[in-house]
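Listing of run-v2.pdb, PDB, C-alpha atoms and all ligand atoms
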```pdb
ATOM      1  CA  MET P   1    -142.607 242.840  68.665  1.00  0.00           C
ATOM      2  CA  HIS P   2    -139.139 243.329  67.331  1.00  0.00           C
ATOM      3  CA  THR P   3    -137.007 241.522  69.786  1.00  0.00           C
ATOM      4  CA  GLN P   4    -134.198 239.054  69.531  1.00  0.00           C
ATOM      5  CA  LEU P   5    -136.815 236.480  68.586  1.00  0.00           C
ATOM      6  CA  ASP P   6    -136.015 237.484  65.010  1.00  0.00           C
ATOM      7  CA  THR P   7    -132.677 235.809  65.389  1.00  0.00           C
ATOM      8  CA  ALA P   8    -134.247 232.650  66.725  1.00  0.00           C
ATOM      9  CA  THR P   9    -136.666 232.343  63.822  1.00  0.00           C
ATOM     10  CA  ASN P  10    -133.795 232.562  61.379  1.00  0.00           C
ATOM     11  CA  ARG P  11    -132.343 229.329  62.669  1.00  0.00           C
ATOM     12  CA  LEU P  12    -132.504 226.235  60.525  1.00  0.00           C
ATOM     13  CA  PRO P  13    -135.865 224.588  61.056  1.00  0.00           C
ATOM     14  CA  ASP P  14    -134.545 221.324  59.656  1.00  0.00           C
ATOM     15  CA  SER P  15    -132.421 220.324  62.579  1.00  0.00           C
ATOM     16  CA  LEU P  16    -134.202 218.169  65.115  1.00  0.00           C
ATOM     17  CA  CYS P  17    -131.036 217.609  67.054  1.00  0.00           C
ATOM     18  CA  THR P  18    -131.385 217.977  70.790  1.00  0.00           C
ATOM     19  CA  HIS P  19    -128.303 215.947  71.562  1.00  0.00           C
ATOM     20  CA  THR P  20    -125.246 216.987  73.491  1.00  0.00           C
ATOM     21  CA  PRO P  21    -122.769 217.190  71.959  1.00  0.00           C
ATOM     22  CA  ALA P  22    -124.614 218.085  68.778  1.00  0.00           C
ATOM     23  CA  CYS P  23    -124.634 215.564  65.971  1.00  0.00           C
ATOM     24  CA  PRO P  24    -122.772 216.166  62.721  1.00  0.00           C
ATOM     25  CA  PRO P  25    -124.575 218.623  60.445  1.00  0.00           C
ATOM     26  CA  ALA P  26    -126.164 217.523  57.180  1.00  0.00           C
ATOM     27  CA  GLU P  27    -123.319 219.266  55.343  1.00  0.00           C
ATOM     28  CA  GLY P  28    -120.668 217.104  56.957  1.00  0.00           C
ATOM     29  CA  SER P  29    -119.308 213.928  55.467  1.00  0.00           C
ATOM     30  CA  ASP P  30    -120.063 212.176  58.749  1.00  0.00           C
ATOM     31  CA  ARG P  31    -123.744 213.128  58.584  1.00  0.00           C
ATOM     32  CA  GLU P  32    -124.776 209.494  58.898  1.00  0.00           C
ATOM     33  CA  ALA P  33    -123.455 209.487  62.449  1.00  0.00           C
ATOM     34  CA  ALA P  34    -126.452 211.553  63.567  1.00  0.00           C
ATOM     35  CA  HIS P  35    -129.200 209.865  65.553  1.00  0.00           C
ATOM     36  CA  VAL P  36    -132.243 208.375  63.895  1.00  0.00           C
ATOM     37  CA  VAL P  37    -135.352 210.226  65.060  1.00  0.00           C
ATOM     38  CA  VAL P  38    -137.907 208.601  62.766  1.00  0.00           C
ATOM     39  CA  ALA P  39    -137.497 205.140  61.296  1.00  0.00           C
ATOM     40  CA  HIS P  40    -139.768 203.557  58.716  1.00  0.00           C
ATOM     41  CA  PRO P  41    -138.006 200.342  57.776  1.00  0.00           C
ATOM     42  CA  GLU P  42    -141.152 199.101  56.038  1.00  0.00           C
ATOM     43  CA  GLN P  43    -140.855 202.095  53.727  1.00  0.00           C
ATOM     44  CA  GLY P  44    -137.101 201.881  53.547  1.00  0.00           C
ATOM     45  CA  TRP P  45    -136.057 205.208  55.075  1.00  0.00           C
ATOM     46  CA  SER P  46    -135.016 206.876  58.285  1.00  0.00           C
ATOM     47  CA  LEU P  47    -134.904 210.529  59.304  1.00  0.00           C
ATOM     48  CA  LEU P  48    -131.809 211.644  61.140  1.00  0.00           C
ATOM     49  CA  CYS P  49    -131.848 214.465  63.662  1.00  0.00           C
ATOM     50  CA  ASN P  50    -129.784 216.670  61.340  1.00  0.00           C
ATOM     51  CA  GLY P  51    -132.588 216.557  58.764  1.00  0.00           C
ATOM     52  CA  VAL P  52    -131.023 213.951  56.482  1.00  0.00           C
ATOM     53  CA  LEU P  53    -133.296 211.296  55.029  1.00  0.00           C
ATOM     54  CA  LEU P  54    -131.374 208.062  54.891  1.00  0.00           C
ATOM     55  CA  PHE P  55    -132.645 205.343  52.567  1.00  0.00           C
ATOM     56  CA  GLU P  56    -132.050 201.664  53.014  1.00  0.00           C
ATOM     57  CA  ASP P  57    -130.039 201.514  49.799  1.00  0.00           C
ATOM     58  CA  THR P  58    -127.631 204.001  51.507  1.00  0.00           C
ATOM     59  CA  GLY P  59    -128.857 206.878  49.349  1.00  0.00           C
ATOM     60  CA  GLU P  60    -129.564 210.150  51.143  1.00  0.00           C
ATOM     61  CA  LEU P  61    -131.727 213.207  50.736  1.00  0.00           C
ATOM     62  CA  LEU P  62    -130.307 216.299  52.369  1.00  0.00           C
ATOM     63  CA  PRO P  63    -132.464 219.032  53.932  1.00  0.00           C
ATOM     64  CA  ASP P  64    -131.401 221.470  51.214  1.00  0.00           C
ATOM     65  CA  GLY P  65    -132.761 219.135  48.544  1.00  0.00           C
ATOM     66  CA  ARG P  66    -129.483 217.597  47.455  1.00  0.00           C
ATOM     67  CA  VAL P  67    -129.530 213.890  46.703  1.00  0.00           C
ATOM     68  CA  ILE P  68    -126.619 211.663  47.640  1.00  0.00           C
ATOM     69  CA  PRO P  69    -126.600 208.537  45.473  1.00  0.00           C
ATOM     70  CA  PRO P  70    -126.256 205.170  47.191  1.00  0.00           C
ATOM     71  CA  HIS P  71    -122.637 204.524  48.037  1.00  0.00           C
ATOM     72  CA  ARG P  72    -122.633 200.811  47.821  1.00  0.00           C
ATOM     73  CA  THR P  73    -122.351 198.979  44.553  1.00  0.00           C
ATOM     74  CA  LEU P  74    -125.704 198.018  43.131  1.00  0.00           C
ATOM     75  CA  ALA P  75    -126.823 196.648  39.812  1.00  0.00           C
ATOM     76  CA  VAL P  76    -128.484 199.389  37.802  1.00  0.00           C
ATOM     77  CA  VAL P  77    -132.205 198.889  37.752  1.00  0.00           C
ATOM     78  CA  ALA P  78    -133.380 200.621  34.622  1.00  0.00           C
TER      79      ALA P  78
HETATM   80 ZN    ZN D 101    -128.617 214.724  67.306  1.00  0.00          ZN
END
```

Can the structure in the file be given as structure tokens, please?
Ligand SMILES: [Zn+2]
Amino acid sequence: MHTQLDTATNRLPDSLCTHTPACPPAEGSDREAAHVVVAHPEQGWSLLCNGVLLFEDTGELLPDGRVIPPHRTLAVVA
């Protein structure tokens, strides 16, 4: 079946956003404003509806694999 379903399957599978208006995309600098859809405080991370993994140290893992280092000052643990 070659219908317009092809277009639908090409959409980003990472976005879980069902909100209106839509939350900021993972590419935006305001990505942290998206809603938390899964929270695991005991493991120190939350999943936002735009696919961003937000860690309790303020670091982030984007759906495309990019890592955003924590943006609050921490002592280096190495
Ligand atoms: Zn959303």

*Mind pulling up the distance from atom CA of Ala34 of chain P to atom CA of Cys17 of chain P?*
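Going from atom CA of Cys17 of chain P over to atom CA of Ala34 of chain P, I get 8.4 Å.
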
*Distance atom CA of Trp45 of chain P-atom CA of Thr20 of chain P, one decimal place?*
24.4 Å

Any chance you could tabulate, as JSON lines, the residues of chain P at most 9 Å from ligand ZN 101 (chain D) with each one's nearest atom pair and distance in Å to one decimal, using all atoms listed in the file, in chain and rising number order?
```
{"residue": "P:Ser15", "atom": "CA", "partner": "D:ZN101", "partner_atom": "ZN", "distance": 8.3}
{"residue": "P:Leu16", "atom": "CA", "partner": "D:ZN101", "partner_atom": "ZN", "distance": 6.9}
{"residue": "P:Cys17", "atom": "CA", "partner": "D:ZN101", "partner_atom": "ZN", "distance": 3.8}
{"residue": "P:Thr18", "atom": "CA", "partner": "D:ZN101", "partner_atom": "ZN", "distance": 5.5}
{"residue": "P:His19", "atom": "CA", "partner": "D:ZN101", "partner_atom": "ZN", "distance": 4.4}
{"residue": "P:Thr20", "atom": "CA", "partner": "D:ZN101", "partner_atom": "ZN", "distance": 7.4}
{"residue": "P:Pro21", "atom": "CA", "partner": "D:ZN101", "partner_atom": "ZN", "distance": 7.9}
{"residue": "P:Ala22", "atom": "CA", "partner": "D:ZN101", "partner_atom": "ZN", "distance": 5.4}
{"residue": "P:Cys23", "atom": "CA", "partner": "D:ZN101", "partner_atom": "ZN", "distance": 4.3}
{"residue": "P:Pro24", "atom": "CA", "partner": "D:ZN101", "partner_atom": "ZN", "distance": 7.6}
{"residue": "P:Pro25", "atom": "CA", "partner": "D:ZN101", "partner_atom": "ZN", "distance": 8.9}
{"residue": "P:Ala33", "atom": "CA", "partner": "D:ZN101", "partner_atom": "ZN", "distance": 8.8}
{"residue": "P:Ala34", "atom": "CA", "partner": "D:ZN101", "partner_atom": "ZN", "distance": 5.4}
{"residue": "P:His35", "atom": "CA", "partner": "D:ZN101", "partner_atom": "ZN", "distance": 5.2}
{"residue": "P:Val36", "atom": "CA", "partner": "D:ZN101", "partner_atom": "ZN", "distance": 8.1}
{"residue": "P:Val37", "atom": "CA", "partner": "D:ZN101", "partner_atom": "ZN", "distance": 8.4}
{"residue": "P:Leu48", "atom": "CA", "partner": "D:ZN101", "partner_atom": "ZN", "distance": 7.6}
{"residue": "P:Cys49", "atom": "CA", "partner": "D:ZN101", "partner_atom": "ZN", "distance": 4.9}
{"residue": "P:Asn50", "atom": "CA", "partner": "D:ZN101", "partner_atom": "ZN", "distance": 6.4}
```

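You will find atom CA of Ala26 of chain P at 9.5 Å from atom CA of Leu61 of chain P.
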
So which residues fall inside 6 Å of (-133.6, 199.1, 52.9) if we count only C-alpha atoms? Mind giving them as a compact mmCIF listing (two decimals) with C-alpha atoms, keeping the file's coordinate frame?
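Listed below is the output, part.txt:
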```
# COMPACT_ATOMS: atom_id res chain seq x y z
CA GLY P 44 -137.10 201.88 53.55
CA GLU P 56 -132.05 201.66 53.01
CA ASP P 57 -130.04 201.51 49.80
```
